[in-house]
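Raw contents of model-v4.cif, mmCIF, C-alpha atoms:
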```cif
data_start
loop_
_atom_site.group_PDB
_atom_site.id
_atom_site.type_symbol
_atom_site.label_atom_id
_atom_site.label_comp_id
_atom_site.auth_asym_id
_atom_site.auth_seq_id
_atom_site.Cartn_x
_atom_site.Cartn_y
_atom_site.Cartn_z
ATOM 1 C CA MET D 517 -42.983 53.201 -34.107
ATOM 2 C CA ASN D 518 -43.972 54.738 -37.475
ATOM 3 C CA GLU D 519 -40.742 56.770 -37.603
ATOM 4 C CA GLU D 520 -38.681 53.596 -37.022
ATOM 5 C CA HIS D 521 -40.696 51.836 -39.717
ATOM 6 C CA ALA D 522 -40.124 54.690 -42.162
ATOM 7 C CA GLN D 523 -36.362 54.705 -41.436
ATOM 8 C CA ALA D 524 -36.143 50.924 -41.904
ATOM 9 C CA ALA D 525 -37.981 51.192 -45.238
ATOM 10 C CA ALA D 526 -35.643 54.003 -46.341
ATOM 11 C CA ASP D 527 -32.574 51.951 -45.341
ATOM 12 C CA ILE D 528 -33.842 48.930 -47.272
ATOM 13 C CA ALA D 529 -34.437 51.094 -50.363
ATOM 14 C CA GLU D 530 -30.897 52.525 -50.086
ATOM 15 C CA VAL D 531 -29.369 49.045 -49.742
ATOM 16 C CA GLU D 532 -31.369 47.799 -52.723
ATOM 17 C CA ALA D 533 -30.137 50.778 -54.772
ATOM 18 C CA ALA D 534 -26.517 50.105 -53.689
ATOM 19 C CA ASN D 535 -26.874 46.440 -54.664
ATOM 20 C CA THR D 536 -28.310 47.381 -58.072
ATOM 21 C CA ALA D 537 -25.537 49.959 -58.632
ATOM 22 C CA TYR D 538 -22.896 47.277 -57.913
ATOM 23 C CA TYR D 539 -24.300 45.025 -60.656
ATOM 24 C CA GLU D 540 -24.736 47.948 -63.078
ATOM 25 C CA ALA D 541 -21.059 48.917 -62.631
ATOM 26 C CA LEU D 542 -20.121 45.301 -63.433
ATOM 27 C CA GLU D 543 -22.316 45.297 -66.541
ATOM 28 C CA ARG D 544 -20.696 48.510 -67.813
ATOM 29 C CA GLY D 545 -17.201 47.255 -67.018
ATOM 30 C CA ASP D 546 -16.671 50.444 -64.985
ATOM 31 C CA HIS D 547 -13.856 49.443 -62.629
ATOM 32 C CA GLU D 548 -13.640 52.899 -61.045
ATOM 33 C CA ASP D 549 -17.344 52.926 -60.149
ATOM 34 C CA LEU D 550 -17.178 49.304 -58.992
ATOM 35 C CA SER D 551 -14.207 50.147 -56.731
ATOM 36 C CA ALA D 552 -16.197 52.992 -55.170
ATOM 37 C CA ARG D 553 -18.951 50.494 -54.253
ATOM 38 C CA TRP D 554 -16.614 48.584 -51.879
ATOM 39 C CA LEU D 555 -15.634 49.636 -48.367
ATOM 40 C CA PRO D 556 -12.601 51.921 -48.509
ATOM 41 C CA GLY D 557 -9.301 51.196 -46.778
ATOM 42 C CA GLU D 558 -8.130 47.970 -45.239
ATOM 43 C CA ASP D 559 -9.428 48.532 -41.689
ATOM 44 C CA LEU D 560 -12.455 46.325 -42.397
ATOM 45 C CA THR D 561 -11.082 43.570 -44.598
ATOM 46 C CA VAL D 562 -13.368 42.964 -47.552
ATOM 47 C CA SER D 563 -13.815 39.509 -49.032
ATOM 48 C CA CYS D 564 -15.114 38.035 -52.237
ATOM 49 C CA VAL D 565 -15.839 34.563 -53.571
ATOM 50 C CA HIS D 566 -16.532 34.344 -57.297
ATOM 51 C CA PRO D 567 -18.147 31.051 -58.376
ATOM 52 C CA GLY D 568 -15.425 28.398 -58.474
ATOM 53 C CA TRP D 569 -12.720 30.718 -57.082
ATOM 54 C CA PRO D 570 -10.987 30.604 -53.684
ATOM 55 C CA VAL D 571 -11.773 33.259 -51.066
ATOM 56 C CA LEU D 572 -10.172 36.608 -51.925
ATOM 57 C CA THR D 573 -9.449 38.917 -48.996
ATOM 58 C CA GLY D 574 -8.348 42.526 -48.859
ATOM 59 C CA ARG D 575 -9.479 45.392 -51.041
ATOM 60 C CA GLY D 576 -6.526 45.162 -53.447
ATOM 61 C CA GLU D 577 -6.952 41.449 -54.147
ATOM 62 C CA VAL D 578 -10.730 41.758 -54.547
ATOM 63 C CA LEU D 579 -10.519 44.726 -56.942
ATOM 64 C CA ARG D 580 -7.772 43.029 -59.000
ATOM 65 C CA SER D 581 -10.108 40.055 -59.474
ATOM 66 C CA TYR D 582 -12.776 42.337 -60.933
ATOM 67 C CA ALA D 583 -10.220 43.960 -63.254
ATOM 68 C CA LEU D 584 -9.298 40.464 -64.502
ATOM 69 C CA ILE D 585 -12.947 39.495 -65.016
ATOM 70 C CA MET D 586 -13.677 42.757 -66.856
ATOM 71 C CA ALA D 587 -10.628 42.327 -69.102
ATOM 72 C CA ASN D 588 -11.828 38.874 -70.174
ATOM 73 C CA THR D 589 -15.562 39.538 -70.503
ATOM 74 C CA GLU D 590 -16.867 41.405 -73.539
ATOM 75 C CA TYR D 591 -20.487 41.347 -72.383
ATOM 76 C CA ILE D 592 -22.246 40.569 -69.107
ATOM 77 C CA GLN D 593 -25.783 41.212 -67.953
ATOM 78 C CA PHE D 594 -27.379 40.351 -64.629
ATOM 79 C CA PHE D 595 -31.081 39.692 -64.131
ATOM 80 C CA LEU D 596 -31.597 39.576 -60.373
ATOM 81 C CA THR D 597 -34.411 37.505 -58.913
ATOM 82 C CA ASP D 598 -35.354 36.362 -55.406
ATOM 83 C CA VAL D 599 -33.819 39.521 -53.886
ATOM 84 C CA ASN D 600 -34.131 39.542 -50.090
ATOM 85 C CA ILE D 601 -32.714 42.183 -47.745
ATOM 86 C CA ALA D 602 -32.196 41.697 -44.011
ATOM 87 C CA MET D 603 -30.746 44.386 -41.751
ATOM 88 C CA THR D 604 -29.308 44.772 -38.308
ATOM 89 C CA GLY D 605 -27.899 48.119 -37.268
ATOM 90 C CA ASP D 606 -25.373 49.341 -39.841
ATOM 91 C CA THR D 607 -25.084 45.981 -41.626
ATOM 92 C CA ALA D 608 -27.317 44.693 -44.415
ATOM 93 C CA LEU D 609 -27.435 41.216 -45.910
ATOM 94 C CA VAL D 610 -28.698 40.859 -49.469
ATOM 95 C CA THR D 611 -29.383 37.436 -50.955
ATOM 96 C CA CYS D 612 -30.384 37.036 -54.573
ATOM 97 C CA THR D 613 -30.197 34.845 -57.635
ATOM 98 C CA GLU D 614 -27.990 36.184 -60.417
ATOM 99 C CA ASN D 615 -29.315 35.100 -63.803
ATOM 100 C CA ILE D 616 -26.185 35.901 -65.827
ATOM 101 C CA LEU D 617 -25.799 36.225 -69.582
ATOM 102 C CA SER D 618 -22.191 36.700 -70.638
ATOM 103 C CA GLY D 619 -19.902 36.536 -73.656
ATOM 104 C CA GLY D 620 -16.149 36.322 -73.976
ATOM 105 C CA PRO D 621 -13.842 37.904 -76.545
ATOM 106 C CA ALA D 622 -14.964 37.687 -80.163
ATOM 107 C CA GLU D 623 -13.893 34.782 -82.337
ATOM 108 C CA GLU D 624 -12.706 35.305 -85.924
ATOM 109 C CA GLY D 625 -14.149 38.738 -86.606
ATOM 110 C CA ASN D 626 -17.442 38.298 -84.788
ATOM 111 C CA ALA D 627 -18.461 41.266 -82.663
ATOM 112 C CA LEU D 628 -18.990 39.015 -79.655
ATOM 113 C CA GLY D 629 -18.092 35.500 -78.588
ATOM 114 C CA PRO D 630 -20.800 32.940 -77.840
ATOM 115 C CA LEU D 631 -23.211 33.968 -75.100
ATOM 116 C CA VAL D 632 -23.410 31.726 -72.051
ATOM 117 C CA GLY D 633 -26.108 31.644 -69.412
ATOM 118 C CA GLN D 634 -25.280 30.937 -65.793
ATOM 119 C CA LEU D 635 -27.275 30.761 -62.592
ATOM 120 C CA VAL D 636 -25.557 31.917 -59.386
ATOM 121 C CA VAL D 637 -26.897 32.462 -55.883
ATOM 122 C CA ALA D 638 -25.220 35.413 -54.212
ATOM 123 C CA THR D 639 -24.878 36.922 -50.779
ATOM 124 C CA ASN D 640 -23.803 40.567 -50.597
ATOM 125 C CA VAL D 641 -23.028 42.137 -47.226
ATOM 126 C CA PHE D 642 -23.163 45.939 -47.028
ATOM 127 C CA ARG D 643 -22.024 48.327 -44.287
ATOM 128 C CA ARG D 644 -23.418 51.802 -43.714
ATOM 129 C CA THR D 645 -20.751 54.517 -44.129
ATOM 130 C CA ASP D 646 -20.798 58.315 -44.267
ATOM 131 C CA ASP D 647 -20.777 57.874 -48.084
ATOM 132 C CA GLY D 648 -23.699 55.457 -48.192
ATOM 133 C CA TRP D 649 -23.891 51.672 -48.185
ATOM 134 C CA LYS D 650 -20.670 49.919 -49.279
ATOM 135 C CA LEU D 651 -19.970 46.272 -50.054
ATOM 136 C CA TRP D 652 -18.123 44.406 -47.355
ATOM 137 C CA SER D 653 -18.401 40.915 -48.830
ATOM 138 C CA HIS D 654 -19.705 39.212 -51.974
ATOM 139 C CA HIS D 655 -20.111 35.439 -52.242
ATOM 140 C CA GLY D 656 -21.423 33.766 -55.378
ATOM 141 C CA SER D 657 -22.092 30.034 -55.748
ATOM 142 C CA PRO D 658 -23.166 28.310 -58.958
ATOM 143 C CA VAL D 659 -26.559 26.620 -59.005
ATOM 144 C CA LEU D 660 -26.651 23.142 -60.489
ATOM 145 C CA THR D 661 -29.385 22.803 -63.082
ATOM 146 C CA GLU D 662 -31.235 19.602 -63.933
ATOM 147 C CA SER D 663 -29.101 19.173 -67.065
ATOM 148 C CA ASP D 664 -25.955 19.316 -64.877
ATOM 149 C CA GLU D 665 -27.354 16.549 -62.689
ATOM 150 C CA ASP D 666 -28.360 14.446 -65.715
ATOM 151 C CA ASP D 667 -24.726 14.416 -66.871
ATOM 152 C CA GLU D 668 -23.691 12.515 -63.752
ATOM 153 C CA GLU D 669 -23.752 8.732 -63.910
ATOM 154 C CA PRO D 670 -25.802 7.094 -61.170
ATOM 155 C CA SER D 671 -23.606 5.210 -58.712
ATOM 156 C CA SER D 672 -24.390 1.562 -58.119
#
```
Just give me the structure of the file as structure tokens.
Amino acid sequence: MNEEHAQAAADIAEVEAANTAYYEALERGDHEDLSARWLPGEDLTVSCVHPGWPVLTGRGEVLRSYALIMANTEYIQFFLTDVNIAMTGDTALVTCTENILSGGPAEEGNALGPLVGQLVVATNVFRRTDDGWKLWSHHGSPVLTESDEDDEEPSS
């Protein structure tokens, strides 16, 4: 049983490292590295839901979406909290909260546009491959904050 326990712990550590590397590639705007983090080929169709976007399916469509995001984001940083990893066989499910700080293109000579904070809950599904753990699916949903709820008028 100890050997199984040790292997499970090693798998969880590898998945956590793969999840972290995915976010680090996004922060650096490294599209090539980010692309390498996703399952290769189209045999297992990958999918992605960015907050507020429709479902994107297929490797090409998913990677184009990241190229678009990177082209329109000067700065992005992720602080991950509430990270939880569940595994079954060669599939791992990572849930976490993305505490995002981002800035768009600069305005009138400033080095960076205004920074915006956003809270997103994410589910990342990884598959074990010969080249390590690769993303199969990413789904991010915005979290409503109390100030968002206060903006809504009570219905009578």
What residues come out when you apply the PyMOL selection byres ((chain D and resi 607) around 9) to this file, written as a VMD selection string? chain D and resid 602 to 606 608 to 609 641 to 644 649
Rounded to one decimal place, report the CA of Gln634 (chain D)-CA of Asn615 (chain D) distance in Å. 6.1 Å
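Taking only C-alpha atoms into account, Lys650 (chain D) lies nearest to D:Glu532 out of the set D:Glu614, D:Asp546, D:Glu532, D:Glu662.
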Can you spell out as a VMD selection string the set of residues that the PyMOL selection byres ((chain D and resi 567) around 7) selects in the structure I just provided? chain D and resid 565 to 566 568 to 569 656 to 658
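Closest approach to Ser551 (chain D) among D:Ala638, D:Ala529, D:Leu617, D:Val578 is made by D:Val578 (distances from all atoms listed in the file).
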Let me know the residues the PyMOL selection byres ((chain D and resi 556) around 12) catches in the file above, as a PDB file with C-alpha atoms, in the frame of the given file.
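New file out11.pdb:
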```
ATOM      1  CA  LEU D 550     -17.178  49.304 -58.992  1.00  0.00           C
ATOM      2  CA  SER D 551     -14.207  50.147 -56.731  1.00  0.00           C
ATOM      3  CA  ALA D 552     -16.197  52.992 -55.170  1.00  0.00           C
ATOM      4  CA  ARG D 553     -18.951  50.494 -54.253  1.00  0.00           C
ATOM      5  CA  TRP D 554     -16.614  48.584 -51.879  1.00  0.00           C
ATOM      6  CA  LEU D 555     -15.634  49.636 -48.367  1.00  0.00           C
ATOM      7  CA  GLY D 557      -9.301  51.196 -46.778  1.00  0.00           C
ATOM      8  CA  GLU D 558      -8.130  47.970 -45.239  1.00  0.00           C
ATOM      9  CA  ASP D 559      -9.428  48.532 -41.689  1.00  0.00           C
ATOM     10  CA  LEU D 560     -12.455  46.325 -42.397  1.00  0.00           C
ATOM     11  CA  THR D 561     -11.082  43.570 -44.598  1.00  0.00           C
ATOM     12  CA  VAL D 562     -13.368  42.964 -47.552  1.00  0.00           C
ATOM     13  CA  GLY D 574      -8.348  42.526 -48.859  1.00  0.00           C
ATOM     14  CA  ARG D 575      -9.479  45.392 -51.041  1.00  0.00           C
ATOM     15  CA  GLY D 576      -6.526  45.162 -53.447  1.00  0.00           C
ATOM     16  CA  VAL D 578     -10.730  41.758 -54.547  1.00  0.00           C
ATOM     17  CA  LEU D 579     -10.519  44.726 -56.942  1.00  0.00           C
ATOM     18  CA  ARG D 643     -22.024  48.327 -44.287  1.00  0.00           C
ATOM     19  CA  ARG D 644     -23.418  51.802 -43.714  1.00  0.00           C
ATOM     20  CA  THR D 645     -20.751  54.517 -44.129  1.00  0.00           C
ATOM     21  CA  ASP D 646     -20.798  58.315 -44.267  1.00  0.00           C
ATOM     22  CA  ASP D 647     -20.777  57.874 -48.084  1.00  0.00           C
ATOM     23  CA  GLY D 648     -23.699  55.457 -48.192  1.00  0.00           C
ATOM     24  CA  TRP D 649     -23.891  51.672 -48.185  1.00  0.00           C
ATOM     25  CA  LYS D 650     -20.670  49.919 -49.279  1.00  0.00           C
ATOM     26  CA  LEU D 651     -19.970  46.272 -50.054  1.00  0.00           C
ATOM     27  CA  TRP D 652     -18.123  44.406 -47.355  1.00  0.00           C
TER      28      TRP D 652
END
```
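Remark: for Leu596 (chain D), the closest of the candidate residues D:Ala526, D:Ala583, D:Val571, D:Cys612 is D:Cys612 (distances computed over only C-alpha atoms).
With only C-alpha atoms as the atoms that count, the minimum distance from Gly619 (chain D) to the choices D:Leu660, D:His654, D:Glu543, D:Ile601 is reached by D:Glu543.
Rounded to one decimal, CA of Ala541 (chain D) and CA of Cys564 (chain D) lie 16.2 Å from each other.
Minimum atom-to-atom distances from D:Thr611, D:Leu635, D:Leu542, D:Asp549 to Tyr591 (chain D) were compared using only C-alpha atoms, and the lowest value belongs to D:Leu542.
Restricting the calculation to only C-alpha atoms, the smallest distance between Arg580 (chain D) and any of D:Glu530, D:His547, D:Asn600, D:Gln593 is found for D:His547.
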